[in-house]
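Q: Before we start, here is the structure in question, set down as structure tokens.
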Amino acid sequence: MALKMNYSTHVLDFRFDAGTSRGVMRTRKTWFVKIYDSDRTDVFGIGECAPLGGLSPEDLTQMDFELERINRKITGLPLSHFAESPLDKVQAMTDPAFPSIRFGIEMAILDLLNGGERMIFRNEFAEGRQSLPINGLIWMGNKDFMSQQIQEKLDAGFNCIKMKVGAIDLEEELALLKVIRKVGGNRLDLRIDANGAFPNNEAFKILKRFEAFGLHSIEQPIMPRQPEAMSLICEKSQIPIALDEDLIGVHRTRDRIELLSYIKPQYIVIKPSLVGGLLATQEWIRLAEERQIGWWITSALESNIGLNAIAQLTANYDVTMPQGLGTGQLYHNNIPSPLVIADGFIKYDRRNSWELEELLNHSGSV
């Protein structure tokens with residue numbers, strides 16, 4: 001009885017031009033990992049390694065080499081090797097410079113340990129008995145496109161809307177927020193995400209313009225790796241600040257503690273594929289809670305394979321704040337799954353099934 005692993009690539013096609021302050025995305029490449037016991041090939045774990053070009057710390061040209069290195073480490077091991085402390089075992093054999101690979105291996109191993117049923121964590125969400133609140137995401141584009149998205153999210157029953165800002169004219173963004181607030185009223189939570197778009201010397205002036213809309217928070221107003229400037233913004237801004245990109249590439253516990261203790265953000269936004277997977281996410285949450293810092297978890301444009309793992313991880317916590325788990329609807333060719341979004345919540349509808357045939361029979365398998 002020995003483990004085997006193979007992997008394949010898949011290109012996900014967006015339903016629209018997905019705009020951020022870093023540019024427009026039309027496709028994104030992801031890697032799927034399959035781990036199974038050589039004596040029981042019909043039971044397998046699936047993981048997704050989904051680095052995000054321009055944001056992930058990975059050298060994307062080295063993904064296949066790193067996956068092959070992990071393949072050599074896993075092949076031949078008994079599944080019992082991972083029976084105790086599986087996340088620690090995966091961390092020991094993976095490179096923190098490839099956080100999405102660490103995340104993909106973690107989810108594949110946990111899936112296999114739980115019987116190969118896409119059950120990463122056994123909890124109420126995975127059993128179909130719990131729904132998680134999520135925000136509706138408004139992507140950047142021209143004013144008409146963004147207005148259309150806003151109306152769709154309001155019609156769909158979202159109580160929390162997050163809008164990307166920093167790429168179109170500021171006055172147009174302010175006008176759109178005015179529309180959202182007018183239609184949604186004060187019951188609606190409004191988040192904005194700048195992805196580091198504001199120049200340091202203009203950040204306070206821009207933030208002042210947003211104050212009128214009663215925002216829940218703003219993510220990453222300036223570029224990361226500027227702790228002194230970000231600390232000042234967190235201290236002085238009337239709008240609560242959420243760190244996002246600043247968490248990427250911070251691997252050591254002591255460095256995470258130093259970052260949170262020095263900057264003192266009101267919130268952190270945790271993307272498992274970017275920060276180092278499930279174990280890293282759990283540590284960020286623990287460190288934030290010890291410092292009375294709020295948090296929420298967000299997917300990073302993974303397919304439903306990765307989104308499923310992130311949602312199940314989130315459900316291990318008693319969350320009431322909307323999470324960023326609504327990205328499964330972005331793609332023409334996502335993996336059909338039991339994940340369903342309705343009325344501003346995501347749930348696991350066990351009446352629906354996973355359809356993995358195309359993924360498993362992909363010609364790029366190794």
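Lettering and numbering for the structure tokens are positional, with chains as A, B, ... in the shown order, residues counted from 1 in each chain, and ligands counted from 1 in the shown order.
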Using only C-alpha atoms, what does the table of segment 104-214 of chain A residues within 12 Å of segment 301-304 of chain A look like, with each row giving the shortest atom pair and its distance in Å to one decimal, sorted by chain and ascending number, as CSV?

A:
residue,atom,partner,partner_atom,distance
A:Gly104,CA,A:Glu302,CA,10.8
A:Arg118,CA,A:Asn304,CA,10.7
A:Leu137,CA,A:Leu301,CA,11.7

Q: If we count only C-alpha atoms and set the cut-off at 6 Å, which residues sit around segment 274-285 of chain A, ignoring sequence neighbours fewer than 6 positions away in its own chain? Please answer as a list in words.

A: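 Answer for this query is Ser56, Pro99, Arg102, Phe103 and Ile248 of chain A.
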
Q: Write a file of the selected residues as a compact mmCIF listing (two decimals), in the first residue's frame, keeping N, CA and C atoms.

A:
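See selection.txt below for the written result:
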# COMPACT_ATOMS: atom_id res chain seq x y z
N SER A 56 0.79 36.27 -6.64
CA SER A 56 1.37 35.15 -5.90
C SER A 56 2.89 35.26 -5.86
N PRO A 99 3.20 28.76 -2.00
CA PRO A 99 2.05 28.60 -1.08
C PRO A 99 0.86 27.90 -1.72
N ARG A 102 1.48 24.17 -1.57
CA ARG A 102 1.26 23.68 -0.20
C ARG A 102 -0.23 23.51 0.06
N PHE A 103 -1.02 24.49 -0.34
CA PHE A 103 -2.46 24.44 -0.15
C PHE A 103 -3.08 23.28 -0.92
N ILE A 248 0.93 38.40 2.21
CA ILE A 248 1.56 37.47 1.27
C ILE A 248 3.07 37.46 1.47

Q: So which one's closest to Lys271 of chain A, A:Ala92, A:Ala83, A:Ala50, A:Ile257? Using only C-alpha atoms, please.

A: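 With only C-alpha atoms as the atom set, the closest residue is A:Ala50.
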
Q: Tell me, as a ChimeraX atom specification, which residues lie within 12 Å of Asn6 of chain A, counting only C-alpha atoms; anything in the same chain fewer than 2 positions away does not count.

A: /A:3-4,8-9,31-38,41,44-48,64,67-72,74-75,105,108,359-366

Q: Export, as a JSON list (two decimals), in the first residue's frame, the selected residues with N, CA and C atoms.

A:
[["chain", "number", "residue", "atom", "x", "y", "z"],
["A", 3, "LEU", "N", 1.31, 5.47, -1.64],
["A", 3, "LEU", "CA", 0.68, 6.59, -2.31],
["A", 3, "LEU", "C", 1.30, 6.88, -3.67],
["A", 4, "LYS", "N", 0.45, 7.37, -4.56],
["A", 4, "LYS", "CA", 0.90, 7.86, -5.85],
["A", 4, "LYS", "C", 0.26, 9.22, -6.09],
["A", 8, "SER", "N", -2.31, 17.81, -13.28],
["A", 8, "SER", "CA", -2.63, 18.31, -14.61],
["A", 8, "SER", "C", -2.93, 19.80, -14.52],
["A", 9, "THR", "N", -2.91, 20.45, -15.66],
["A", 9, "THR", "CA", -3.22, 21.88, -15.71],
["A", 9, "THR", "C", -4.60, 22.08, -16.33],
["A", 31, "TRP", "N", -3.51, 24.30, -11.44],
["A", 31, "TRP", "CA", -3.00, 22.93, -11.44],
["A", 31, "TRP", "C", -3.85, 22.09, -10.50],
["A", 32, "PHE", "N", -4.27, 20.91, -10.95],
["A", 32, "PHE", "CA", -5.00, 19.98, -10.10],
["A", 32, "PHE", "C", -4.09, 18.80, -9.74],
["A", 33, "VAL", "N", -4.13, 18.43, -8.46],
["A", 33, "VAL", "CA", -3.31, 17.35, -7.94],
["A", 33, "VAL", "C", -4.23, 16.21, -7.51],
["A", 34, "LYS", "N", -3.88, 15.01, -7.88],
["A", 34, "LYS", "CA", -4.62, 13.81, -7.48],
["A", 34, "LYS", "C", -3.66, 12.90, -6.70],
["A", 35, "ILE", "N", -4.06, 12.52, -5.50],
["A", 35, "ILE", "CA", -3.26, 11.63, -4.66],
["A", 35, "ILE", "C", -4.12, 10.42, -4.29],
["A", 36, "TYR", "N", -3.57, 9.22, -4.43],
["A", 36, "TYR", "CA", -4.35, 8.01, -4.20],
["A", 36, "TYR", "C", -3.42, 6.89, -3.76],
["A", 37, "ASP", "N", -4.02, 5.83, -3.24],
["A", 37, "ASP", "CA", -3.28, 4.65, -2.83],
["A", 37, "ASP", "C", -3.21, 3.70, -4.02],
["A", 38, "SER", "N", -2.05, 3.17, -4.31],
["A", 38, "SER", "CA", -1.87, 2.31, -5.48],
["A", 38, "SER", "C", -2.74, 1.06, -5.42],
["A", 41, "THR", "N", -7.29, 2.62, -6.43],
["A", 41, "THR", "CA", -7.24, 3.77, -7.33],
["A", 41, "THR", "C", -8.57, 4.48, -7.48],
["A", 44, "PHE", "N", -9.61, 8.68, -4.12],
["A", 44, "PHE", "CA", -8.50, 9.63, -4.31],
["A", 44, "PHE", "C", -8.86, 10.98, -3.71],
["A", 45, "GLY", "N", -7.81, 11.73, -3.40],
["A", 45, "GLY", "CA", -7.97, 13.11, -2.96],
["A", 45, "GLY", "C", -7.59, 14.05, -4.08],
["A", 46, "ILE", "N", -8.33, 15.16, -4.19],
["A", 46, "ILE", "CA", -8.06, 16.17, -5.20],
["A", 46, "ILE", "C", -7.69, 17.48, -4.53],
["A", 47, "GLY", "N", -6.64, 18.11, -5.02],
["A", 47, "GLY", "CA", -6.25, 19.43, -4.54],
["A", 47, "GLY", "C", -6.05, 20.37, -5.70],
["A", 48, "GLU", "N", -6.11, 21.66, -5.41],
["A", 48, "GLU", "CA", -5.91, 22.67, -6.45],
["A", 48, "GLU", "C", -4.79, 23.61, -6.04],
["A", 64, "ASP", "N", 5.73, 23.29, -12.33],
["A", 64, "ASP", "CA", 5.81, 21.86, -12.66],
["A", 64, "ASP", "C", 7.01, 21.20, -11.99],
["A", 67, "LEU", "N", 6.09, 20.73, -8.34],
["A", 67, "LEU", "CA", 5.12, 19.64, -8.19],
["A", 67, "LEU", "C", 5.78, 18.28, -8.37],
["A", 68, "GLU", "N", 6.71, 18.20, -9.29],
["A", 68, "GLU", "CA", 7.41, 16.94, -9.50],
["A", 68, "GLU", "C", 8.28, 16.61, -8.28],
["A", 69, "ARG", "N", 8.88, 17.63, -7.66],
["A", 69, "ARG", "CA", 9.67, 17.40, -6.44],
["A", 69, "ARG", "C", 8.78, 16.84, -5.34],
["A", 70, "ILE", "N", 7.59, 17.41, -5.18],
["A", 70, "ILE", "CA", 6.66, 16.91, -4.17],
["A", 70, "ILE", "C", 6.19, 15.50, -4.53],
["A", 71, "ASN", "N", 5.99, 15.26, -5.81],
["A", 71, "ASN", "CA", 5.57, 13.93, -6.28],
["A", 71, "ASN", "C", 6.58, 12.88, -5.82],
["A", 72, "ARG", "N", 7.85, 13.17, -5.96],
["A", 72, "ARG", "CA", 8.88, 12.21, -5.56],
["A", 72, "ARG", "C", 8.87, 11.97, -4.05],
["A", 74, "ILE", "N", 6.14, 12.19, -2.07],
["A", 74, "ILE", "CA", 4.91, 11.51, -1.66],
["A", 74, "ILE", "C", 4.85, 10.08, -2.17],
["A", 75, "THR", "N", 5.31, 9.86, -3.40],
["A", 75, "THR", "CA", 5.21, 8.53, -4.01],
["A", 75, "THR", "C", 5.91, 7.49, -3.14],
["A", 105, "ILE", "N", -1.68, 20.44, -1.91],
["A", 105, "ILE", "CA", -1.31, 19.16, -1.31],
["A", 105, "ILE", "C", -2.07, 18.94, -0.01],
["A", 108, "ALA", "N", -5.62, 17.84, -0.90],
["A", 108, "ALA", "CA", -5.67, 16.49, -1.48],
["A", 108, "ALA", "C", -5.46, 15.42, -0.41],
["A", 359, "LEU", "N", -11.69, 16.64, -15.63],
["A", 359, "LEU", "CA", -10.49, 16.96, -14.86],
["A", 359, "LEU", "C", -9.57, 15.74, -14.77],
["A", 360, "LEU", "N", -10.13, 14.58, -14.44],
["A", 360, "LEU", "CA", -9.32, 13.39, -14.23],
["A", 360, "LEU", "C", -8.77, 12.82, -15.53],
["A", 361, "ASN", "N", -9.46, 13.05, -16.63],
["A", 361, "ASN", "CA", -9.02, 12.52, -17.92],
["A", 361, "ASN", "C", -8.26, 13.53, -18.75],
["A", 362, "HIS", "N", -7.87, 14.66, -18.11],
["A", 362, "HIS", "CA", -7.21, 15.74, -18.81],
["A", 362, "HIS", "C", -5.94, 15.24, -19.48],
["A", 363, "SER", "N", -5.70, 15.63, -20.72],
["A", 363, "SER", "CA", -4.55, 15.14, -21.47],
["A", 363, "SER", "C", -3.23, 15.61, -20.90],
["A", 364, "GLY", "N", -3.26, 16.65, -20.04],
["A", 364, "GLY", "CA", -2.02, 17.15, -19.46],
["A", 364, "GLY", "C", -1.58, 16.40, -18.22],
["A", 365, "SER", "N", -2.29, 15.33, -17.84],
["A", 365, "SER", "CA", -1.94, 14.61, -16.62],
["A", 365, "SER", "C", -0.52, 14.04, -16.69],
["A", 366, "VAL", "N", 0.12, 14.04, -15.54],
["A", 366, "VAL", "CA", 1.48, 13.50, -15.47],
["A", 366, "VAL", "C", 1.46, 12.22, -14.65]]

Q: Using only C-alpha atoms, which protein or nucleic acid residues come within 8 Å of segment 306-323 of chain A? Drop anything in the same chain fewer than 4 positions from it, and give the result as a VMD selection string.

A: chain A and resid 47 to 50 104 107 118 120 to 121 123 to 126 132 to 135 160 272 278 296 to 299 302 327 to 328 339

Q: Would you pick out the contacts of Phe145 of chain A at 10 Å or less, using only C-alpha atoms, so that residues sharing its chain but fewer than 6 positions from it are not included, and give the list as an mmCIF file with C-alpha atoms, in the first residue's frame?

A:
data_model
loop_
_atom_site.group_PDB
_atom_site.id
_atom_site.type_symbol
_atom_site.label_atom_id
_atom_site.label_comp_id
_atom_site.auth_asym_id
_atom_site.auth_seq_id
_atom_site.Cartn_x
_atom_site.Cartn_y
_atom_site.Cartn_z
ATOM 1 C CA PHE A 16 -16.262 38.609 -18.503
ATOM 2 C CA ILE A 138 -18.276 44.110 -8.054
ATOM 3 C CA TRP A 139 -15.459 43.944 -10.590
#

Q: Would you please give, as a ChimeraX atom specification, all residues of segment 152-306 of chain A that DSSP assigns to helix (DSSP H, G or I) based on the backbone?

A: /A:152-155,170-184,200-213,227-236,245-247,253-263,272-275,278-290,304-306

Q: Mind checking which residues fall within 9 Å of Pro240 of chain A, counting only C-alpha atoms, ignoring those fewer than 5 positions away in the same chain, and posting them as a list of chain:residue names?

A: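 Skipping anything fewer than 5 positions along the chain leaves A:Leu215, A:His216, A:Ser217, A:Ile218, A:Glu219, A:Cys234, A:Pro265, A:Gln266, A:Tyr267.
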
Q: I'd like the interatomic distance between atom CA of Glu58 of chain A and atom CA of Asn334 of chain A, to a tenth of an Å.

A: 23.0 Å

Q: Using only C-alpha atoms, which protein or nucleic acid residues come within 10 Å of Glu127 of chain A? Drop anything in the same chain fewer than 5 positions from it, and give the result as a PyMOL selection string.

A: chain A and resi 119+121-122+312+347-350

Q: Could you check which of A:Pro227, A:Gly326, A:Pro199, A:Gly141 is closest to Tyr262 of chain A, using only C-alpha atoms?

A: A:Pro227

Q: To one decimal place in Å, what is the distance between atom CA of Glu106 of chain A and atom CA of Leu87 of chain A?

A: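 We find that atom CA of Glu106 of chain A and atom CA of Leu87 of chain A lie 6.2 Å from each other.
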
Q: Could you check how far atom CA of Ser337 of chain A sits from atom CA of Ser353 of chain A, in Å to one decimal?

A: 5.6 Å

Q: Of the candidates A:Val165, A:Ser231, A:Ile109, A:Ile239, which one gets nearest to Gln91 of chain A if we count only C-alpha atoms?

A: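 Among A:Val165, A:Ser231, A:Ile109, A:Ile239, it is A:Ile109 that comes nearest to Gln91 of chain A.
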
Q: Which one is closest to Glu355 of chain A: A:Ala212, A:Leu113, A:Ile180, A:Ile305? Count only C-alpha atoms.

A: A:Ile305

Q: Which of segment 97-148 of chain A end up as strand (DSSP E) when DSSP is run on this backbone - answer as a PyMOL selection string?

A: chain A and resi 131-133+136-138

Q: Next, the residues of the selection above should be written as a PDB file, in the first residue's frame with N, CA and C atoms.

A:
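Dumped to selection35.pdb:
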ATOM      1  N   SER A 131     -25.048  27.189   6.057  1.00  0.00           N
ATOM      2  CA  SER A 131     -24.725  28.139   4.993  1.00  0.00           C
ATOM      3  C   SER A 131     -23.803  29.211   5.544  1.00  0.00           C
ATOM      4  N   LEU A 132     -22.946  29.743   4.698  1.00  0.00           N
ATOM      5  CA  LEU A 132     -22.017  30.782   5.115  1.00  0.00           C
ATOM      6  C   LEU A 132     -22.364  32.100   4.415  1.00  0.00           C
ATOM      7  N   PRO A 133     -22.420  33.216   5.156  1.00  0.00           N
ATOM      8  CA  PRO A 133     -22.682  34.508   4.516  1.00  0.00           C
ATOM      9  C   PRO A 133     -21.485  34.943   3.684  1.00  0.00           C
ATOM     10  N   GLY A 136     -21.058  40.054  -2.106  1.00  0.00           N
ATOM     11  CA  GLY A 136     -21.157  40.099  -3.563  1.00  0.00           C
ATOM     12  C   GLY A 136     -20.060  40.988  -4.104  1.00  0.00           C
ATOM     13  N   LEU A 137     -19.299  40.498  -5.078  1.00  0.00           N
ATOM     14  CA  LEU A 137     -18.123  41.215  -5.570  1.00  0.00           C
ATOM     15  C   LEU A 137     -18.433  41.965  -6.860  1.00  0.00           C
ATOM     16  N   ILE A 138     -18.108  43.265  -6.871  1.00  0.00           N
ATOM     17  CA  ILE A 138     -18.276  44.110  -8.054  1.00  0.00           C
ATOM     18  C   ILE A 138     -16.909  44.341  -8.685  1.00  0.00           C
TER      19      ILE A 138
END

Q: Which residue gives the smallest distance to Gly54 of chain A among A:Lys236, A:Arg291, A:Arg129, A:Arg28, with only C-alpha atoms counted?

A: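 With only C-alpha atoms as the atom set, the closest residue is A:Arg28.
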